[in-house]
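Participant: What follows is coords37.cif; its format and atoms are mmCIF, C-alpha atoms.
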```cif
data_coords
loop_
_atom_site.label_atom_id
_atom_site.label_comp_id
_atom_site.auth_asym_id
_atom_site.auth_seq_id
_atom_site.Cartn_x
_atom_site.Cartn_y
_atom_site.Cartn_z
CA MET O 24 0.00 0.00 0.00
CA SER O 25 1.37 3.41 -0.94
CA ASP O 26 2.00 6.11 1.65
CA PRO O 27 -0.74 8.72 2.03
CA ILE O 28 -0.18 12.21 0.70
CA PHE O 29 -0.04 14.58 3.63
CA SER O 30 -1.67 17.99 3.53
CA GLU O 31 0.37 21.02 4.56
CA ALA O 32 -1.43 21.11 7.93
CA GLU O 33 -0.73 17.41 8.55
CA TYR O 34 2.94 17.83 7.62
CA ASP O 35 3.22 20.84 9.97
CA ALA O 36 1.66 18.75 12.74
CA ILE O 37 4.34 16.07 12.29
CA THR O 38 7.08 18.71 12.42
CA ASP O 39 5.53 20.21 15.58
CA ALA O 40 5.32 16.76 17.16
CA ALA O 41 8.98 16.07 16.34
CA ALA O 42 9.99 19.37 17.97
CA HIS O 43 7.84 18.54 21.01
CA TRP O 44 9.46 15.12 21.46
CA CYS O 45 12.94 16.59 21.02
CA MET O 46 12.23 19.07 23.81
CA ARG O 47 10.69 16.48 26.13
CA LEU O 48 13.47 13.91 25.66
CA HIS O 49 16.08 16.56 26.51
CA ALA O 50 14.13 17.69 29.60
CA SER O 51 15.34 16.51 33.03
CA ASP O 52 11.76 15.57 34.07
CA CYS O 53 11.00 13.37 31.05
CA THR O 54 9.29 10.19 32.30
CA ALA O 55 9.61 6.56 31.23
CA GLN O 56 5.99 6.67 30.06
CA GLU O 57 6.78 9.64 27.81
CA ARG O 58 9.77 7.83 26.33
CA GLN O 59 7.58 4.83 25.59
CA ALA O 60 4.98 7.08 23.95
CA PHE O 61 7.75 8.68 21.89
CA GLU O 62 8.89 5.27 20.61
CA GLN O 63 5.32 4.46 19.56
CA TRP O 64 5.02 7.79 17.73
CA LEU O 65 8.46 7.40 16.12
CA HIS O 66 7.60 4.01 14.57
CA ALA O 67 4.05 4.92 13.56
CA HIS O 68 5.20 6.24 10.17
CA PRO O 69 8.60 6.55 8.39
CA LEU O 70 8.16 10.32 8.04
CA HIS O 71 8.14 10.66 11.84
CA ALA O 72 11.71 9.36 12.06
CA VAL O 73 12.84 11.60 9.18
CA GLU O 74 11.40 14.71 10.82
CA TYR O 75 12.80 13.81 14.24
CA GLU O 76 16.34 13.39 12.83
CA ALA O 77 16.04 16.80 11.18
CA VAL O 78 14.97 18.39 14.47
CA LEU O 79 17.91 16.76 16.29
CA GLU O 80 20.32 18.42 13.86
CA ILE O 81 18.63 21.77 14.45
CA TRP O 82 18.82 21.17 18.22
CA ASP O 83 22.62 21.02 17.94
CA VAL O 84 22.60 24.34 16.12
CA SER O 85 20.29 25.86 18.76
CA GLU O 86 22.97 25.19 21.40
CA GLN O 87 25.03 27.85 19.61
CA ILE O 88 22.21 30.43 19.49
CA THR O 89 22.93 33.74 21.23
CA PRO O 90 20.24 36.27 20.33
CA VAL O 91 21.68 39.62 19.17
CA ASN O 92 19.67 42.87 18.87
CA PRO O 93 16.27 41.19 19.31
CA ALA O 94 13.44 42.73 17.33
CA PRO O 95 9.80 41.74 16.77
CA VAL O 96 9.23 39.46 13.80
CA SER O 97 6.13 38.17 12.09
CA GLY O 98 4.62 34.74 11.57
CA ASN O 99 5.46 31.69 13.67
CA VAL O 100 8.61 33.31 15.06
CA ALA O 101 6.62 35.99 16.88
CA MET O 102 5.31 33.36 19.29
CA LEU O 103 8.88 32.56 20.34
CA ASP O 104 10.33 36.01 21.03
CA VAL O 105 13.94 36.35 22.09
CA ALA O 106 13.19 37.78 25.53
CA ARG O 107 11.20 34.68 26.42
CA MET O 108 14.01 32.42 25.23
CA ARG O 109 16.54 34.29 27.36
CA THR O 110 14.44 34.39 30.55
CA CYS O 111 12.75 30.98 30.45
CA PRO O 112 14.78 28.13 32.05
CA ARG O 113 14.02 26.06 28.98
CA TRP O 114 15.02 28.73 26.44
CA ARG O 115 17.07 26.21 24.45
CA ALA O 116 13.95 24.15 23.88
CA TYR O 117 12.11 27.21 22.58
CA ALA O 118 15.17 28.06 20.49
CA ALA O 119 15.02 24.63 18.90
CA ALA O 120 11.35 25.09 18.04
CA ALA O 121 12.08 28.56 16.70
CA ALA O 122 14.88 27.11 14.57
CA VAL O 123 12.42 24.59 13.11
CA ALA O 124 10.08 27.41 12.15
CA LEU O 125 12.87 29.59 10.81
CA LEU O 126 14.38 26.91 8.63
CA ALA O 127 10.96 25.81 7.39
CA LEU O 128 10.13 29.28 6.07
CA PRO O 129 12.65 30.98 3.76
CA THR O 130 11.56 34.50 4.76
CA ALA O 131 11.65 33.70 8.46
CA GLY O 132 15.00 31.99 7.96
CA TYR O 133 16.38 35.22 6.57
CA ILE O 134 15.03 37.06 9.60
CA GLY O 135 16.78 34.57 11.88
CA TRP O 136 20.08 35.23 10.10
CA SER O 137 19.63 39.02 9.97
CA GLN O 138 18.87 39.18 13.70
CA GLY O 139 21.89 37.05 14.57
CA TRP O 140 19.87 34.13 15.99
CA LEU O 141 20.85 31.46 13.46
CA PRO O 142 24.01 30.74 11.45
CA ASN O 143 24.02 30.42 7.69
CA ALA O 144 26.76 27.76 7.89
CA TYR O 145 27.29 25.02 10.47
CA ASP O 146 29.86 22.22 10.31
CA SER O 147 31.35 19.62 12.65
CA TYR O 148 34.89 18.21 12.37
CA GLN O 149 36.99 15.60 14.14
CA ALA O 150 40.43 13.99 13.86
CA ASN O 151 40.83 10.45 15.17
CA GLY O 152 43.86 8.38 14.17
CA THR O 153 45.74 11.18 12.40
CA THR O 154 46.01 14.96 12.34
CA ARG O 155 43.72 16.76 9.93
CA LEU O 156 43.84 20.07 8.07
CA ILE O 157 40.46 21.68 7.36
CA THR O 158 39.27 24.89 5.72
CA LEU O 159 36.24 26.56 7.30
CA ALA O 160 33.47 28.26 5.35
CA ASP O 161 35.05 31.69 5.96
CA GLY O 162 38.39 30.58 4.50
CA SER O 163 40.16 30.11 7.85
CA ARG O 164 42.45 27.07 8.09
CA VAL O 165 42.51 24.82 11.16
CA GLU O 166 44.91 21.96 11.87
CA LEU O 167 43.38 19.37 14.24
CA ASN O 168 45.54 17.26 16.54
CA LEU O 169 44.71 13.62 17.29
CA GLY O 170 41.46 13.12 19.20
CA THR O 171 40.18 16.62 18.48
CA GLU O 172 36.54 17.60 17.94
CA LEU O 173 35.19 21.05 17.06
CA THR O 174 32.19 22.73 15.46
CA TYR O 175 31.96 25.90 13.36
CA ALA O 176 28.97 28.22 12.96
CA ASN O 177 28.89 31.44 10.94
CA TYR O 178 26.60 34.14 12.32
CA LYS O 179 25.92 37.58 10.87
CA ASP O 180 28.02 39.39 13.50
CA HIS O 181 30.64 36.77 14.43
CA ARG O 182 32.21 33.42 13.57
CA SER O 183 31.92 30.82 16.33
CA VAL O 184 34.07 27.73 16.95
CA THR O 185 33.51 25.37 19.87
CA LEU O 186 36.50 23.19 20.75
CA ASN O 187 34.84 20.21 22.40
CA LYS O 188 38.11 18.42 23.12
CA GLY O 189 41.70 18.20 21.94
CA GLU O 190 44.00 20.75 20.31
CA ALA O 191 43.90 22.91 17.20
CA PHE O 192 46.12 25.42 15.40
CA PHE O 193 44.16 28.27 13.80
CA GLU O 194 45.05 30.51 10.86
CA VAL O 195 42.10 32.88 10.90
CA SER O 196 40.94 34.76 7.82
CA HIS O 197 41.05 38.48 8.67
CA ASP O 198 37.69 40.23 9.09
CA ARG O 199 37.62 43.04 11.65
CA GLN O 200 33.84 43.43 11.36
CA HIS O 201 33.25 39.70 11.84
CA PRO O 202 35.22 38.49 14.93
CA PHE O 203 36.31 34.86 15.22
CA VAL O 204 35.49 33.39 18.66
CA VAL O 205 36.84 30.06 19.91
CA LYS O 206 35.00 28.65 22.94
CA ALA O 207 37.12 26.22 24.98
CA GLY O 208 36.26 24.99 28.46
CA THR O 209 34.81 27.82 30.54
CA GLY O 210 36.42 30.60 28.49
CA SER O 211 36.93 31.90 24.98
CA VAL O 212 39.46 33.40 22.57
CA THR O 213 38.40 36.32 20.35
CA VAL O 214 40.35 37.41 17.25
CA THR O 215 39.86 39.19 13.92
CA GLY O 216 42.72 37.53 12.01
CA THR O 217 45.77 35.77 13.42
CA ARG O 218 47.59 32.46 14.05
CA PHE O 219 47.30 30.75 17.41
CA ASN O 220 47.10 27.36 19.13
CA VAL O 221 44.46 26.18 21.62
CA TRP O 222 45.05 23.08 23.75
CA MET O 223 42.38 21.62 26.05
CA TYR O 224 42.43 18.66 28.43
CA GLN O 225 39.52 18.15 30.85
CA ASP O 226 39.00 21.66 32.31
CA GLN O 227 42.49 22.96 31.51
CA VAL O 228 43.01 25.27 28.51
CA LYS O 229 46.19 26.84 27.12
CA VAL O 230 46.31 29.43 24.34
CA MET O 231 49.58 30.28 22.54
CA LEU O 232 49.73 33.20 20.12
CA VAL O 233 52.07 33.07 17.10
CA ASP O 234 50.97 36.12 15.04
CA GLY O 235 48.48 38.94 15.47
CA SER O 236 46.62 39.53 18.73
CA VAL O 237 43.88 37.82 20.71
CA GLN O 238 41.68 38.47 23.72
CA VAL O 239 41.39 35.54 26.15
CA THR O 240 38.56 35.23 28.66
CA SER O 241 38.53 32.49 31.31
CA ASN O 242 34.91 32.80 32.39
CA ALA O 243 32.01 33.02 29.92
CA SER O 244 29.88 34.79 32.55
CA GLN O 245 32.46 37.60 32.74
CA PRO O 246 32.99 38.50 29.05
CA GLY O 247 34.57 41.86 29.92
CA ILE O 248 37.29 40.29 32.07
CA GLY O 249 39.76 39.32 29.34
CA MET O 250 43.51 39.42 28.82
CA HIS O 251 45.20 40.73 25.67
CA LEU O 252 47.95 38.60 24.13
CA ASP O 253 50.71 39.69 21.78
CA PRO O 254 52.87 37.27 19.72
CA GLY O 255 55.03 35.04 21.90
CA MET O 256 52.60 35.12 24.84
CA GLN O 257 50.55 32.30 26.37
CA ALA O 258 47.40 32.27 28.46
CA SER O 259 46.15 29.35 30.55
CA TYR O 260 43.02 28.85 32.61
CA LYS O 261 40.83 26.22 34.22
CA THR O 262 37.37 26.07 35.73
CA GLY O 263 36.96 28.66 38.48
CA ASP O 264 39.72 31.02 37.32
CA PHE O 265 38.59 34.65 37.43
CA GLN O 266 41.09 35.57 34.73
CA PRO O 267 43.70 33.72 32.65
CA GLN O 268 47.30 33.30 33.78
CA ILE O 269 49.70 35.00 31.35
CA SER O 270 53.26 33.93 30.53
CA GLU O 271 55.78 34.28 27.71
CA THR O 272 57.00 31.48 25.47
CA TYR O 273 60.69 30.65 25.72
CA ALA O 274 63.16 30.25 22.86
CA ASN O 275 63.01 26.44 22.68
CA ASP O 276 59.27 26.10 23.36
CA THR O 277 57.93 22.82 21.94
CA SER O 278 54.19 23.40 22.25
CA LEU O 279 53.66 23.14 18.49
CA ALA O 280 55.76 19.99 17.99
CA TRP O 281 52.50 18.02 17.67
CA ARG O 282 52.11 19.48 14.18
CA SER O 283 55.10 17.29 13.23
CA GLY O 284 53.72 14.28 15.11
CA LYS O 285 55.99 14.82 18.13
CA LEU O 286 55.55 15.41 21.85
CA VAL O 287 58.72 16.99 23.20
CA PHE O 288 59.58 17.51 26.87
CA ASN O 289 62.37 19.82 28.03
CA ASN O 290 62.99 18.74 31.62
CA LEU O 291 59.29 19.06 32.46
CA PRO O 292 57.91 17.83 35.83
CA LEU O 293 55.67 14.79 35.47
CA TYR O 294 52.70 16.61 36.98
CA GLN O 295 52.87 19.05 34.03
CA ALA O 296 53.78 16.42 31.43
CA LEU O 297 50.96 13.97 32.19
CA PRO O 298 48.07 16.19 31.01
CA LEU O 299 49.91 16.54 27.68
CA ILE O 300 50.34 12.76 27.48
CA ASN O 301 46.92 11.76 28.80
CA ARG O 302 44.91 13.52 26.12
CA TYR O 303 46.28 10.97 23.65
CA LEU O 304 45.28 7.99 25.82
CA PRO O 305 41.89 6.31 26.33
CA GLN O 306 42.70 5.80 30.04
CA PRO O 307 44.74 8.48 31.85
CA ILE O 308 48.01 7.81 33.65
CA LEU O 309 47.99 8.79 37.34
CA LEU O 310 50.69 9.85 39.80
CA ALA O 311 51.15 8.01 43.09
CA ASP O 312 52.07 11.19 45.01
CA SER O 313 53.54 14.69 44.73
CA ALA O 314 57.11 13.42 45.07
CA THR O 315 56.61 11.33 41.93
CA GLY O 316 55.05 14.32 40.16
CA ALA O 317 58.19 16.39 40.80
CA ILE O 318 60.39 13.99 38.78
CA ARG O 319 61.39 15.64 35.51
CA LEU O 320 60.98 14.18 32.03
CA GLY O 321 62.88 14.97 28.83
CA GLY O 322 62.95 13.59 25.30
CA SER O 323 60.98 13.44 22.07
CA TYR O 324 58.14 10.95 21.52
CA ASN O 325 55.80 10.11 18.65
CA THR O 326 52.23 11.17 19.32
CA ASP O 327 50.92 7.98 17.71
CA ASP O 328 52.85 5.80 20.21
CA MET O 329 51.94 7.04 23.69
CA ALA O 330 51.75 3.43 24.89
CA GLY O 331 55.43 3.12 23.98
CA LEU O 332 56.19 6.27 25.96
CA LEU O 333 54.53 4.80 29.05
CA ALA O 334 56.47 1.55 28.73
CA SER O 335 59.76 3.47 28.44
CA LEU O 336 59.32 5.57 31.60
CA PRO O 337 60.77 2.99 34.06
CA LYS O 338 63.83 2.74 31.80
CA VAL O 339 64.58 6.48 31.72
CA LEU O 340 63.25 7.66 35.10
CA PRO O 341 63.51 6.40 38.70
CA VAL O 342 59.92 5.12 38.64
CA PHE O 343 57.93 1.89 38.44
CA LEU O 344 54.40 1.26 37.18
CA THR O 345 51.38 -0.24 38.92
CA HIS O 346 47.63 -0.20 38.16
CA ASN O 347 44.77 0.89 40.38
CA SER O 348 41.45 -0.93 40.79
CA GLN O 349 40.00 0.91 37.76
CA GLY O 350 42.88 -0.23 35.55
CA ASN O 351 44.64 3.15 35.32
CA PRO O 352 48.44 3.02 35.07
CA VAL O 353 50.01 4.62 38.15
CA ILE O 354 53.54 6.03 38.19
CA ASN O 355 55.40 5.48 41.48
CA LYS O 356 58.78 6.82 42.59
CA ARG O 357 61.26 3.94 42.73
CA PRO O 358 62.75 3.34 46.18
CA ALA O 359 66.52 3.37 46.57
CA GLY O 360 67.97 -0.03 45.78
CA MET O 361 65.04 -1.16 43.63
CA PRO O 362 66.29 -2.29 40.16
CA LYS O 363 65.08 -0.54 37.02
CA GLY O 364 61.91 -1.95 35.51
#
```
Please render this file's structure as structure tokens.

Facilitator:
Amino acid sequence: MSDPIFSEAEYDAITDAAAHWCMRLHASDCTAQERQAFEQWLHAHPLHAVEYEAVLEIWDVSEQITPVNPAPVSGNVAMLDVARMRTCPRWRAYAAAAAVALLALPTAGYIGWSQGWLPNAYDSYQANGTTRLITLADGSRVELNLGTELTYANYKDHRSVTLNKGEAFFEVSHDRQHPFVVKAGTGSVTVTGTRFNVWMYQDQVKVMLVDGSVQVTSNASQPGIGMHLDPGMQASYKTGDFQPQISETYANDTSLAWRSGKLVFNNLPLYQALPLINRYLPQPILLADSATGAIRLGGSYNTDDMAGLLASLPKVLPVFLTHNSQGNPVINKRPAGMPKG
């Protein structure tokens, strides 16, 4: 039997239902009964699944929405005004529904772009087993380190990158009227055109500037509290920092050695070296105590062989390896008289 031909009203009802289920399934108070009802609705007709997948993609975009210069608009969008989205605890859900309406109507979609609510380009990138060089829609080039994930969205008044994890080297296409903002951890980096590196592991972030200038903020809730970097400067921050910590790069800095597939340590304490190593590993290496963390590590290692680096540590340092109950490797300081592992 052939599928029925849906009227415009029936098709709109399916789209509305898909948006409703997307909001409910992302809500913290969604019940088991609701999830069961969703499954029944999802499998009732093939078009339901198609519409729901489309709404999920729009939901991801709505996470990036930051209303700019809100103004009244007509049609379906008027029911979802920006002030309501910003004040309601579930504004992201309303944003998702608004995005559905905006993308469904060409005129309303233009309004969403012109008001700065929605991007006209949105892409997601990742690098798994090898580094990757990508070109964004604005012409900027980004080199992704192993295990890196980021998204790019182009809004009318700014370009937005979210570094979800990993490390990336940016060569930003210059556009003073269209700032390039990289969100990493709890902070952000804002530029108009420059070359810089952003490294992130868990809640730690380090920014190193090569050319141009950048503004680094450590707390998204305090956008005015930023630090200006000039070439040769670094900024680092973690969750809870009121402002970034600023330092200068030294002559033999090896922070960018990863672009050649290397991880180089110049007499670095283990407590500083391990975050650099761990972001390449599926299970992080731990330190037994602070005395072990003070032991210094040197040498050059291939980023695609971190397991080999771990195995070599007892041969080059006064340490031995154990494992905790969760299976994590643990580095211990070797007692005097204990033979090398």

Participant: Counting all atoms listed in the file, what is within 12 Å of O:Leu291, bar same-chain residues fewer than 5 positions away, as a ChimeraX atom specification?

Facilitator: /O:276-277,286,296-299,316-323

Participant: Measure the distance from atom CA of O:Pro358 to atom CA of O:Val339 in Å and round it to one decimal.

Facilitator: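 We find that atom CA of O:Pro358 and atom CA of O:Val339 lie 14.9 Å from each other.
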
Participant: With only C-alpha atoms as the counted atoms, please give the residues lying no more than 12 Å from O:Asp198, apart from itself and same-chain residues fewer than 6 positions off, as number ranges by chain.

Facilitator: O: 161-163, 180-182, 204, 213-217

Participant: Here is a test: counting all atoms listed in the file, which residue of O:Gly170, O:Leu293, O:Ala42, O:Asn325 is nearest to O:Asn355?

Facilitator: O:Leu293

Participant: Using Å and a single decimal, report how far atom CA of O:Lys229 sits from atom CA of O:Gly255.

Facilitator: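 If I compute the distance from atom CA of O:Gly255 to atom CA of O:Lys229, I get 13.1 Å.
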